[in-house]
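Colleague: Handing you this structure, nothing more for now.
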Amino acid sequence: MGATAYSVRRHTYLDSVFLMRVAQGLQAGSGVTDVAALMATPANKQLLFEAGFSGPEVESAGADDLVVGITARSEPEAEAALSGLDRLLAAPMQDASHVARSWDEALAVLPGANLAVISVPGDYAAPEIEHALSRGLHVFCFSSNVSLGDEARLKQLASSRGLLLMGPDCGTAIIAGKGIGFSNAVRRGPIGIVGGSGTGIQAVSCLIDAAGSGISHAIGCGSRDLLDEIGGITTFAGLRALAGDPETKAIVVVSKTPGPKTRARLAELTAASPKPIVTCFLGGPDAGSAATFDDAVAQALRLVGVGVAANGETPAPPAHIRGRARGLFAGGSLRYEAERILQRAGVSADRFELLDMGSEEITRGRAHPMIDPRLRAQRILESARDSSVGLLLLDFVLGRGAAMDPVGDLIPAIGEARRRGSVVVASVVGSDRDPQGLERQRTALRQAGVVVLSSSARAAAYVAEALR
């Protein structure tokens, strides 16, 4: 296992997205094999114990205490890496003109604020959401693991006050051109998006941008909003807001398949809407819904009078693929989309395996693969050594919050897979205005011998044809 070192910082709360970046920074230390940077909630403490970080300080740590643990090849290397922690923790303070410690203090600094962004451990998110709503603030909540009952109650409270609660478990929004959470630098334009899928919003907004059009607003709802237990409260509020927005001419709804009661209500609202609504539901029956993000975007573009360019991509798949395909996705919705495409193409289920590397089961105690590539790189290498896997399907998601060079982070693992004879197929979600650069990332993939398609749907269709 190697040597371990840890540090406990009392009463030092930092949100999970920032801690993912801290972990990534520490991982660069010489000899470092694993890093944990977590708030000491009961669930996270169990993860720390399982990873070998134990001691009186960890055991006595509370939910507002930060624990950072490092595993390295030797004790000096673990301690050396840990010595860089203060510099990484200080990063968010360097450009801050003021650090508020309470809601009242924050609102005194920004009395005109009308939106709160909340990213705290799930057990503590509900009270903070309620505090924000009670102060008349719309809420974007990144936190997950909030109970379904709390989510329903808080969304009903938000609705009664004419406020939007985006989340919990909301990864993406674009409001008046400003991205929140994971988002891309896309043009403003006539198409609005309402979504329970973060990477779905990103994929749709980037495809619209690539076609020369743009986004008015993209309202994230959280992954569970269209369940019958929630009833689509934020989705319906978002649709009403966009229907009343003079800049929005057409709307796209992207989500996992709704509950039957909520879907029926959504169909009624869509039929009565003064503006056309395109739906794209993944993961279940698709009657009346666009089958892919590409299809949804094509419909929306036609509705706003933008022509859809013919797809010039016609790469011929390899004549023979050994074994089966394995997809390792950073975007959960892109995984659902690929699964639907392969199933509709009649590819036998034993010919492919698709993994959402950002799922809670895989990322428990780890950074999301859009930020930290280590776990996905490891799975690529494992797949390359697996003689039953002959094709790898990958996605890369650029933009605000994502790793600065997601392709470069995985090139060594991709190179090893290629050397072992694997065919690698990939797509990139992003724009050239994103800091990572869409074409720069695609070029790096092509130079590594990867088959690059312009969308995840087209990459999945290529894989389907190769397997058939």
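Every chain in the structure tokens has a letter given in the order shown (A, B, ...), and although residue numbers restart at 1 in each chain, ligands are simply numbered from 1 in the order shown.
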I'd like the contact shell of segment 378-387 of chain A - 10 Å cut-off, only C-alpha atoms, skipping same-chain residues fewer than 5 positions apart - returned as a PyMOL selection string.
Modeller: chain A and resi 322-328+357+373+392-394+410+412-423
Colleague: Let's have the selection written as a short mmCIF file (atom, residue, chain, number, x, y, z; two decimals), in the first residue's frame, with N, CA, C and O atoms.
Modeller:
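Final output, selection_2.cif:
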data_model
loop_
_atom_site.label_atom_id
_atom_site.label_comp_id
_atom_site.auth_asym_id
_atom_site.auth_seq_id
_atom_site.Cartn_x
_atom_site.Cartn_y
_atom_site.Cartn_z
N ARG A 322 -11.93 -7.26 -32.96
CA ARG A 322 -11.86 -8.44 -32.10
C ARG A 322 -12.71 -8.21 -30.86
O ARG A 322 -12.74 -7.12 -30.30
N GLY A 323 -13.40 -9.22 -30.45
CA GLY A 323 -14.13 -9.15 -29.18
C GLY A 323 -15.21 -8.09 -29.15
O GLY A 323 -15.97 -7.90 -30.09
N ARG A 324 -15.24 -7.35 -28.06
CA ARG A 324 -16.34 -6.43 -27.81
C ARG A 324 -15.82 -5.01 -27.62
O ARG A 324 -14.61 -4.77 -27.57
N ALA A 325 -16.76 -4.08 -27.49
CA ALA A 325 -16.42 -2.67 -27.27
C ALA A 325 -16.66 -2.32 -25.81
O ALA A 325 -17.57 -2.86 -25.17
N ARG A 326 -15.84 -1.41 -25.30
CA ARG A 326 -16.04 -0.89 -23.94
C ARG A 326 -16.05 0.63 -24.02
O ARG A 326 -15.14 1.25 -24.56
N GLY A 327 -17.11 1.22 -23.48
CA GLY A 327 -17.20 2.68 -23.41
C GLY A 327 -16.90 3.16 -22.01
O GLY A 327 -17.45 2.64 -21.04
N LEU A 328 -16.02 4.15 -21.89
CA LEU A 328 -15.65 4.73 -20.60
C LEU A 328 -16.00 6.22 -20.66
O LEU A 328 -15.25 7.03 -21.19
N MET A 357 -18.22 6.70 -15.83
CA MET A 357 -17.12 6.84 -14.87
C MET A 357 -17.37 7.95 -13.85
O MET A 357 -16.63 8.09 -12.89
N PRO A 373 -8.33 12.63 -14.26
CA PRO A 373 -8.35 11.55 -15.25
C PRO A 373 -7.84 10.21 -14.74
O PRO A 373 -7.88 9.23 -15.47
N LEU A 392 -12.37 0.76 -27.87
CA LEU A 392 -12.66 1.66 -26.75
C LEU A 392 -13.41 2.87 -27.27
O LEU A 392 -13.01 3.48 -28.27
N LEU A 393 -14.49 3.24 -26.59
CA LEU A 393 -15.28 4.43 -26.91
C LEU A 393 -15.14 5.42 -25.77
O LEU A 393 -15.46 5.10 -24.62
N LEU A 394 -14.65 6.63 -26.07
CA LEU A 394 -14.39 7.64 -25.05
C LEU A 394 -15.10 8.94 -25.39
O LEU A 394 -15.30 9.26 -26.56
N LEU A 410 -5.03 11.83 -20.91
CA LEU A 410 -5.26 10.42 -21.21
C LEU A 410 -4.44 9.89 -22.39
O LEU A 410 -4.50 8.70 -22.69
N PRO A 412 -1.22 9.16 -22.74
CA PRO A 412 -0.35 8.01 -22.47
C PRO A 412 -1.11 6.69 -22.41
O PRO A 412 -0.67 5.68 -22.98
N ALA A 413 -2.27 6.68 -21.74
CA ALA A 413 -3.06 5.45 -21.66
C ALA A 413 -3.63 5.08 -23.02
O ALA A 413 -3.66 3.90 -23.39
N ILE A 414 -4.08 6.07 -23.78
CA ILE A 414 -4.60 5.80 -25.12
C ILE A 414 -3.50 5.22 -26.01
O ILE A 414 -3.72 4.27 -26.77
N GLY A 415 -2.29 5.79 -25.89
CA GLY A 415 -1.17 5.28 -26.68
C GLY A 415 -0.88 3.82 -26.38
O GLY A 415 -0.62 3.03 -27.30
N GLU A 416 -0.95 3.44 -25.11
CA GLU A 416 -0.72 2.05 -24.74
C GLU A 416 -1.81 1.15 -25.31
O GLU A 416 -1.53 0.04 -25.79
N ALA A 417 -3.05 1.61 -25.27
CA ALA A 417 -4.15 0.83 -25.85
C ALA A 417 -3.96 0.64 -27.35
O ALA A 417 -4.18 -0.45 -27.89
N ARG A 418 -3.55 1.70 -28.02
CA ARG A 418 -3.31 1.60 -29.47
C ARG A 418 -2.17 0.62 -29.76
O ARG A 418 -2.25 -0.17 -30.70
N ARG A 419 -1.10 0.67 -28.95
CA ARG A 419 0.02 -0.23 -29.18
C ARG A 419 -0.38 -1.69 -29.00
O ARG A 419 0.21 -2.59 -29.62
N ARG A 420 -1.36 -1.93 -28.17
CA ARG A 420 -1.83 -3.29 -27.94
C ARG A 420 -2.91 -3.71 -28.94
O ARG A 420 -3.52 -4.76 -28.78
N GLY A 421 -3.18 -2.87 -29.92
CA GLY A 421 -4.08 -3.25 -31.00
C GLY A 421 -5.51 -2.80 -30.86
O GLY A 421 -6.37 -3.16 -31.68
N SER A 422 -5.83 -1.99 -29.83
CA SER A 422 -7.20 -1.53 -29.65
C SER A 422 -7.53 -0.42 -30.64
O SER A 422 -6.71 0.47 -30.89
N VAL A 423 -8.75 -0.44 -31.17
CA VAL A 423 -9.28 0.69 -31.92
C VAL A 423 -9.90 1.64 -30.89
O VAL A 423 -10.65 1.22 -30.01
#
Colleague: Can you check which parts of segment 220-248 of chain A lie within 8 Å of segment 185-193 of chain A? Per residue, the shortest pair of atoms and distance in Å to one decimal, counting only C-alpha atoms, sorted by chain and number, as CSV.
Modeller:
residue,atom,partner,partner_atom,distance
A:Leu242,CA,A:Gly192,CA,6.6
A:Glu247,CA,A:Pro190,CA,5.8
A:Thr248,CA,A:Pro190,CA,4.7
Colleague: Please report as CSV every residue of segment 163-246 of chain A lying within 9 Å of segment 269-278 of chain A, along with the nearest atom pair and their distance in Å (one decimal), using only C-alpha atoms.
Modeller:
residue,atom,partner,partner_atom,distance
A:Phe236,CA,A:Leu269,CA,8.2
A:Leu239,CA,A:Ser273,CA,8.7
A:Arg240,CA,A:Ser273,CA,8.6
A:Leu242,CA,A:Lys275,CA,8.8
A:Ala243,CA,A:Lys275,CA,6.2
A:Gly244,CA,A:Pro274,CA,9.0
Colleague: Just asking: which residues within segment 283-342 of chain A are strand (DSSP E) according to DSSP, as a VMD selection string?
Modeller: chain A and resid 324 to 329
Colleague: Restricting the calculation to only C-alpha atoms: of A:Arg161, A:Arg374, A:Arg433, A:Lys261, which residue gets closest to Gly399 of chain A?
Modeller: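 For Gly399 of chain A, the nearest of the given residues is A:Arg433.
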Colleague: Produce a table with one row for each residue of segment 388-414 of chain A that has an atom at most 10 Å from any atom of segment 21-30 of chain A, each row naming the nearest atom pair and its distance in Å at one decimal; use only C-alpha atoms; arrange rows by chain and rising residue number; format as a tab-separated table.
Modeller:
residue	atom	partner	partner_atom	distance
A:Gly401	CA	A:Arg21	CA	9.4
A:Ala402	CA	A:Arg21	CA	9.8
A:Ala403	CA	A:Arg21	CA	8.8
Colleague: Write the residues of the selection above to a file with all heavy atoms, as a PDB file, in the first residue's frame.
Modeller:
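Listed below is the output, out_0.pdb:
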ATOM      1  N   GLY A 401     -14.779  24.506 -15.326  1.00  0.00           N
ATOM      2  CA  GLY A 401     -14.801  23.469 -14.294  1.00  0.00           C
ATOM      3  C   GLY A 401     -14.091  22.199 -14.683  1.00  0.00           C
ATOM      4  O   GLY A 401     -13.727  21.405 -13.817  1.00  0.00           O
ATOM      5  N   ALA A 402     -13.895  21.949 -15.983  1.00  0.00           N
ATOM      6  CA  ALA A 402     -13.265  20.707 -16.436  1.00  0.00           C
ATOM      7  C   ALA A 402     -11.746  20.829 -16.400  1.00  0.00           C
ATOM      8  O   ALA A 402     -11.190  21.923 -16.268  1.00  0.00           O
ATOM      9  CB  ALA A 402     -13.735  20.376 -17.849  1.00  0.00           C
ATOM     10  N   ALA A 403     -11.061  19.695 -16.535  1.00  0.00           N
ATOM     11  CA  ALA A 403      -9.602  19.675 -16.572  1.00  0.00           C
ATOM     12  C   ALA A 403      -9.106  20.546 -17.726  1.00  0.00           C
ATOM     13  O   ALA A 403      -9.767  20.680 -18.758  1.00  0.00           O
ATOM     14  CB  ALA A 403      -9.101  18.248 -16.745  1.00  0.00           C
TER      15      ALA A 403
END
Colleague: Taking only C-alpha atoms into account, which of A:Gly200, A:Pro369, A:Gly358, A:Gly55 comes nearest Ser333 of chain A?
Modeller: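 The shortest atom-to-atom distance to Ser333 of chain A comes from A:Gly200.
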Colleague: Could you list, as an mmCIF file with all heavy atoms, in the first residue's frame, every residue within 12 Å of Val58 of chain A, counting only C-alpha atoms and ignoring same-chain residues fewer than 3 positions away?
Modeller:
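Dumped everything to selection_10.cif:
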data_model
loop_
_atom_site.group_PDB
_atom_site.id
_atom_site.type_symbol
_atom_site.label_atom_id
_atom_site.label_comp_id
_atom_site.auth_asym_id
_atom_site.auth_seq_id
_atom_site.Cartn_x
_atom_site.Cartn_y
_atom_site.Cartn_z
ATOM 1 N N ALA A 5 0.215 9.849 4.765
ATOM 2 C CA ALA A 5 0.311 11.051 5.589
ATOM 3 C C ALA A 5 -1.021 11.782 5.459
ATOM 4 O O ALA A 5 -1.666 11.715 4.405
ATOM 5 C CB ALA A 5 1.457 11.945 5.127
ATOM 6 N N TYR A 6 -1.437 12.458 6.523
ATOM 7 C CA TYR A 6 -2.698 13.194 6.432
ATOM 8 C C TYR A 6 -2.633 14.468 7.240
ATOM 9 O O TYR A 6 -1.776 14.651 8.114
ATOM 10 C CB TYR A 6 -3.882 12.329 6.879
ATOM 11 C CG TYR A 6 -3.904 11.967 8.347
ATOM 12 C CD1 TYR A 6 -4.427 12.859 9.284
ATOM 13 C CD2 TYR A 6 -3.441 10.738 8.806
ATOM 14 C CE1 TYR A 6 -4.475 12.531 10.628
ATOM 15 C CE2 TYR A 6 -3.480 10.399 10.139
ATOM 16 C CZ TYR A 6 -4.002 11.308 11.051
ATOM 17 O OH TYR A 6 -4.022 10.984 12.383
ATOM 18 N N SER A 7 -3.548 15.372 6.930
ATOM 19 C CA SER A 7 -3.673 16.630 7.661
ATOM 20 C C SER A 7 -5.146 16.894 7.910
ATOM 21 O O SER A 7 -5.972 16.723 7.007
ATOM 22 C CB SER A 7 -3.070 17.781 6.846
ATOM 23 O OG SER A 7 -3.298 19.027 7.487
ATOM 24 N N VAL A 8 -5.495 17.281 9.130
ATOM 25 C CA VAL A 8 -6.868 17.647 9.488
ATOM 26 C C VAL A 8 -6.910 19.151 9.737
ATOM 27 O O VAL A 8 -6.141 19.678 10.544
ATOM 28 C CB VAL A 8 -7.343 16.889 10.739
ATOM 29 C CG1 VAL A 8 -8.756 17.336 11.125
ATOM 30 C CG2 VAL A 8 -7.309 15.385 10.504
ATOM 31 N N ARG A 9 -7.781 19.848 9.011
ATOM 32 C CA ARG A 9 -7.945 21.298 9.170
ATOM 33 C C ARG A 9 -9.311 21.558 9.787
ATOM 34 O O ARG A 9 -10.344 21.351 9.150
ATOM 35 C CB ARG A 9 -7.814 22.012 7.820
ATOM 36 C CG ARG A 9 -6.507 21.706 7.071
ATOM 37 C CD ARG A 9 -5.291 22.159 7.871
ATOM 38 N NE ARG A 9 -4.047 21.805 7.240
ATOM 39 C CZ ARG A 9 -3.364 22.609 6.427
ATOM 40 N NH1 ARG A 9 -3.842 23.810 6.137
ATOM 41 N NH2 ARG A 9 -2.213 22.207 5.920
ATOM 42 N N ARG A 10 -9.298 21.998 11.038
ATOM 43 C CA ARG A 10 -10.547 22.214 11.774
ATOM 44 C C ARG A 10 -11.301 23.423 11.220
ATOM 45 O O ARG A 10 -10.717 24.451 10.894
ATOM 46 C CB ARG A 10 -10.249 22.430 13.258
ATOM 47 C CG ARG A 10 -9.501 21.277 13.925
ATOM 48 C CD ARG A 10 -10.359 20.024 14.043
ATOM 49 N NE ARG A 10 -9.621 18.938 14.706
ATOM 50 C CZ ARG A 10 -10.106 17.726 14.864
ATOM 51 N NH1 ARG A 10 -11.328 17.433 14.430
ATOM 52 N NH2 ARG A 10 -9.390 16.778 15.465
ATOM 53 N N LEU A 38 -11.389 15.416 1.608
ATOM 54 C CA LEU A 38 -12.815 15.276 1.896
ATOM 55 C C LEU A 38 -13.192 16.016 3.170
ATOM 56 O O LEU A 38 -12.389 16.105 4.113
ATOM 57 C CB LEU A 38 -13.171 13.795 2.084
ATOM 58 C CG LEU A 38 -12.856 12.837 0.928
ATOM 59 C CD1 LEU A 38 -12.988 11.403 1.408
ATOM 60 C CD2 LEU A 38 -13.789 13.092 -0.235
ATOM 61 N N MET A 39 -14.443 16.508 3.203
ATOM 62 C CA MET A 39 -15.007 16.972 4.456
ATOM 63 C C MET A 39 -15.356 15.736 5.292
ATOM 64 O O MET A 39 -15.794 14.722 4.753
ATOM 65 C CB MET A 39 -16.248 17.818 4.208
ATOM 66 C CG MET A 39 -15.995 19.056 3.344
ATOM 67 S SD MET A 39 -14.631 20.089 3.939
ATOM 68 C CE MET A 39 -15.220 20.533 5.578
ATOM 69 N N ALA A 40 -15.158 15.845 6.603
ATOM 70 C CA ALA A 40 -15.234 14.664 7.474
ATOM 71 C C ALA A 40 -16.667 14.350 7.895
ATOM 72 O O ALA A 40 -16.981 14.243 9.092
ATOM 73 C CB ALA A 40 -14.338 14.851 8.690
ATOM 74 N N THR A 41 -17.546 14.165 6.909
ATOM 75 C CA THR A 41 -18.882 13.656 7.198
ATOM 76 C C THR A 41 -18.749 12.180 7.584
ATOM 77 O O THR A 41 -17.732 11.545 7.284
ATOM 78 C CB THR A 41 -19.795 13.792 5.976
ATOM 79 O OG1 THR A 41 -19.261 12.977 4.916
ATOM 80 C CG2 THR A 41 -19.876 15.232 5.494
ATOM 81 N N PRO A 42 -19.750 11.597 8.247
ATOM 82 C CA PRO A 42 -19.642 10.174 8.611
ATOM 83 C C PRO A 42 -19.347 9.277 7.412
ATOM 84 O O PRO A 42 -18.507 8.381 7.507
ATOM 85 C CB PRO A 42 -21.015 9.878 9.228
ATOM 86 C CG PRO A 42 -21.453 11.190 9.804
ATOM 87 C CD PRO A 42 -20.946 12.229 8.854
ATOM 88 N N ASN A 44 -17.875 10.085 4.563
ATOM 89 C CA ASN A 44 -16.517 10.329 4.069
ATOM 90 C C ASN A 44 -15.458 9.782 5.020
ATOM 91 O O ASN A 44 -14.400 9.304 4.582
ATOM 92 C CB ASN A 44 -16.295 11.828 3.856
ATOM 93 C CG ASN A 44 -16.965 12.338 2.600
ATOM 94 O OD1 ASN A 44 -17.373 11.562 1.744
ATOM 95 N ND2 ASN A 44 -17.074 13.648 2.475
ATOM 96 N N LYS A 45 -15.727 9.816 6.309
ATOM 97 C CA LYS A 45 -14.759 9.249 7.270
ATOM 98 C C LYS A 45 -14.615 7.750 7.056
ATOM 99 O O LYS A 45 -13.517 7.194 7.165
ATOM 100 C CB LYS A 45 -15.202 9.570 8.705
ATOM 101 C CG LYS A 45 -14.919 11.018 9.089
ATOM 102 C CD LYS A 45 -15.591 11.409 10.390
ATOM 103 C CE LYS A 45 -14.958 10.761 11.590
ATOM 104 N NZ LYS A 45 -15.512 11.295 12.854
ATOM 105 N N GLN A 46 -15.715 7.089 6.727
ATOM 106 C CA GLN A 46 -15.625 5.656 6.441
ATOM 107 C C GLN A 46 -14.741 5.411 5.223
ATOM 108 O O GLN A 46 -13.930 4.479 5.206
ATOM 109 C CB GLN A 46 -17.025 5.089 6.196
ATOM 110 C CG GLN A 46 -17.060 3.590 5.951
ATOM 111 C CD GLN A 46 -16.490 2.780 7.110
ATOM 112 O OE1 GLN A 46 -16.714 3.102 8.277
ATOM 113 N NE2 GLN A 46 -15.726 1.739 6.804
ATOM 114 N N LEU A 47 -14.880 6.270 4.204
ATOM 115 C CA LEU A 47 -14.018 6.152 3.025
ATOM 116 C C LEU A 47 -12.555 6.369 3.390
ATOM 117 O O LEU A 47 -11.667 5.668 2.897
ATOM 118 C CB LEU A 47 -14.438 7.177 1.965
ATOM 119 C CG LEU A 47 -15.787 6.968 1.287
ATOM 120 C CD1 LEU A 47 -16.109 8.149 0.383
ATOM 121 C CD2 LEU A 47 -15.780 5.683 0.474
ATOM 122 N N LEU A 48 -12.299 7.332 4.258
ATOM 123 C CA LEU A 48 -10.924 7.608 4.683
ATOM 124 C C LEU A 48 -10.338 6.419 5.431
ATOM 125 O O LEU A 48 -9.184 6.032 5.210
ATOM 126 C CB LEU A 48 -10.889 8.864 5.557
ATOM 127 C CG LEU A 48 -11.151 10.187 4.826
ATOM 128 C CD1 LEU A 48 -11.496 11.293 5.814
ATOM 129 C CD2 LEU A 48 -9.925 10.590 4.004
ATOM 130 N N PHE A 49 -11.138 5.818 6.312
ATOM 131 C CA PHE A 49 -10.660 4.645 7.064
ATOM 132 C C PHE A 49 -10.334 3.501 6.099
ATOM 133 O O PHE A 49 -9.307 2.826 6.237
ATOM 134 C CB PHE A 49 -11.707 4.196 8.086
ATOM 135 C CG PHE A 49 -11.995 5.209 9.162
ATOM 136 C CD1 PHE A 49 -13.250 5.279 9.762
ATOM 137 C CD2 PHE A 49 -11.017 6.106 9.576
ATOM 138 C CE1 PHE A 49 -13.515 6.212 10.749
ATOM 139 C CE2 PHE A 49 -11.280 7.053 10.567
ATOM 140 C CZ PHE A 49 -12.540 7.102 11.149
ATOM 141 N N GLY A 52 -7.063 3.781 4.479
ATOM 142 C CA GLY A 52 -5.887 3.677 5.328
ATOM 143 C C GLY A 52 -5.545 4.923 6.104
ATOM 144 O O GLY A 52 -4.488 5.002 6.752
ATOM 145 N N PHE A 53 -6.418 5.927 6.094
ATOM 146 C CA PHE A 53 -6.167 7.160 6.835
ATOM 147 C C PHE A 53 -6.943 7.107 8.149
ATOM 148 O O PHE A 53 -8.146 7.346 8.195
ATOM 149 C CB PHE A 53 -6.589 8.381 6.014
ATOM 150 C CG PHE A 53 -5.918 8.454 4.670
ATOM 151 C CD1 PHE A 53 -6.654 8.335 3.507
ATOM 152 C CD2 PHE A 53 -4.549 8.633 4.575
ATOM 153 C CE1 PHE A 53 -6.041 8.401 2.268
ATOM 154 C CE2 PHE A 53 -3.923 8.701 3.334
ATOM 155 C CZ PHE A 53 -4.666 8.577 2.188
ATOM 156 N N SER A 54 -6.267 6.763 9.196
ATOM 157 C CA SER A 54 -6.928 6.639 10.495
ATOM 158 C C SER A 54 -6.022 7.195 11.578
ATOM 159 O O SER A 54 -4.807 7.294 11.412
ATOM 160 C CB SER A 54 -7.271 5.178 10.795
ATOM 161 O OG SER A 54 -6.087 4.393 10.835
ATOM 162 N N GLY A 55 -6.638 7.573 12.663
ATOM 163 C CA GLY A 55 -5.907 8.141 13.782
ATOM 164 C C GLY A 55 -6.854 8.975 14.609
ATOM 165 O O GLY A 55 -7.980 9.276 14.174
ATOM 166 N N ALA A 61 -12.713 14.174 13.931
ATOM 167 C CA ALA A 61 -13.065 15.246 13.003
ATOM 168 C C ALA A 61 -14.572 15.309 12.796
ATOM 169 O O ALA A 61 -15.256 14.278 12.766
ATOM 170 C CB ALA A 61 -12.356 15.044 11.668
ATOM 171 N N GLY A 62 -15.081 16.519 12.645
ATOM 172 C CA GLY A 62 -16.505 16.727 12.408
ATOM 173 C C GLY A 62 -16.787 17.103 10.976
ATOM 174 O O GLY A 62 -15.878 17.259 10.155
ATOM 175 N N ALA A 63 -18.071 17.279 10.664
ATOM 176 C CA ALA A 63 -18.492 17.492 9.273
ATOM 177 C C ALA A 63 -17.968 18.802 8.694
ATOM 178 O O ALA A 63 -17.920 18.954 7.467
ATOM 179 C CB ALA A 63 -20.008 17.456 9.186
ATOM 180 N N ASP A 65 -14.911 19.870 9.279
ATOM 181 C CA ASP A 65 -13.457 19.733 9.270
ATOM 182 C C ASP A 65 -13.007 19.090 7.965
ATOM 183 O O ASP A 65 -13.671 18.190 7.438
ATOM 184 C CB ASP A 65 -12.967 18.875 10.441
ATOM 185 C CG ASP A 65 -13.299 19.482 11.796
ATOM 186 O OD1 ASP A 65 -13.382 20.727 11.876
ATOM 187 O OD2 ASP A 65 -13.493 18.719 12.761
ATOM 188 N N LEU A 66 -11.862 19.541 7.461
ATOM 189 C CA LEU A 66 -11.299 19.011 6.225
ATOM 190 C C LEU A 66 -10.201 18.004 6.546
ATOM 191 O O LEU A 66 -9.336 18.267 7.389
ATOM 192 C CB LEU A 66 -10.714 20.154 5.390
ATOM 193 C CG LEU A 66 -9.870 19.777 4.175
ATOM 194 C CD1 LEU A 66 -10.710 19.050 3.136
ATOM 195 C CD2 LEU A 66 -9.217 21.019 3.574
ATOM 196 N N VAL A 67 -10.248 16.849 5.878
ATOM 197 C CA VAL A 67 -9.187 15.852 6.012
ATOM 198 C C VAL A 67 -8.567 15.619 4.636
ATOM 199 O O VAL A 67 -9.285 15.339 3.673
ATOM 200 C CB VAL A 67 -9.717 14.507 6.568
ATOM 201 C CG1 VAL A 67 -8.567 13.503 6.712
ATOM 202 C CG2 VAL A 67 -10.400 14.712 7.916
ATOM 203 N N VAL A 68 -7.254 15.756 4.560
ATOM 204 C CA VAL A 68 -6.520 15.501 3.326
ATOM 205 C C VAL A 68 -5.513 14.390 3.601
ATOM 206 O O VAL A 68 -4.688 14.507 4.514
ATOM 207 C CB VAL A 68 -5.790 16.757 2.821
ATOM 208 C CG1 VAL A 68 -4.981 16.431 1.562
ATOM 209 C CG2 VAL A 68 -6.781 17.871 2.546
ATOM 210 N N GLY A 69 -5.609 13.307 2.854
ATOM 211 C CA GLY A 69 -4.704 12.176 3.034
ATOM 212 C C GLY A 69 -3.957 11.860 1.750
ATOM 213 O O GLY A 69 -4.501 11.997 0.657
#
Colleague: Which one is closest to Thr33 of chain A: A:Arg263, A:His320, A:Ser255, A:Leu375? Count only C-alpha atoms.
Modeller: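 Smallest distance to Thr33 of chain A is found for A:Leu375.
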Colleague: For a quick check of understanding, using only C-alpha atoms, which of A:Arg335, A:Leu85, A:Arg224, A:Ala211 has the smallest distance to Ala298 of chain A?
Modeller: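 Among the listed residues, the smallest separation from Ala298 of chain A belongs to A:Ala211.
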Colleague: Which neighbours of segment 424-427 of chain A fall inside 7 Å, counting only C-alpha atoms, when residues of the same chain fewer than 2 positions from it are skipped, and could you give them as a list in words?
Modeller: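 Once the nearby chain positions are removed, what remains is Leu391, Leu392, Leu393, Leu394, Asp395, Phe396, Ser422, Val429, Val450, Val451, Val452, Leu453, Ser454, Ser455, Ser456 and Ala459 of chain A.
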Colleague: When you draw a straight line from atom CA of Ile371 of chain A to atom CA of Leu334 of chain A, how long is it in Å?
Modeller: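 Separating atom CA of Ile371 of chain A from atom CA of Leu334 of chain A is a distance of 16.8 Å.
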Colleague: Can you measure atom CA of Ile233 of chain A to atom CA of Ala152 of chain A for me? One decimal in Å is fine.
Modeller: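 Atom-to-atom, atom CA of Ile233 of chain A to atom CA of Ala152 of chain A, that is 8.3 Å.
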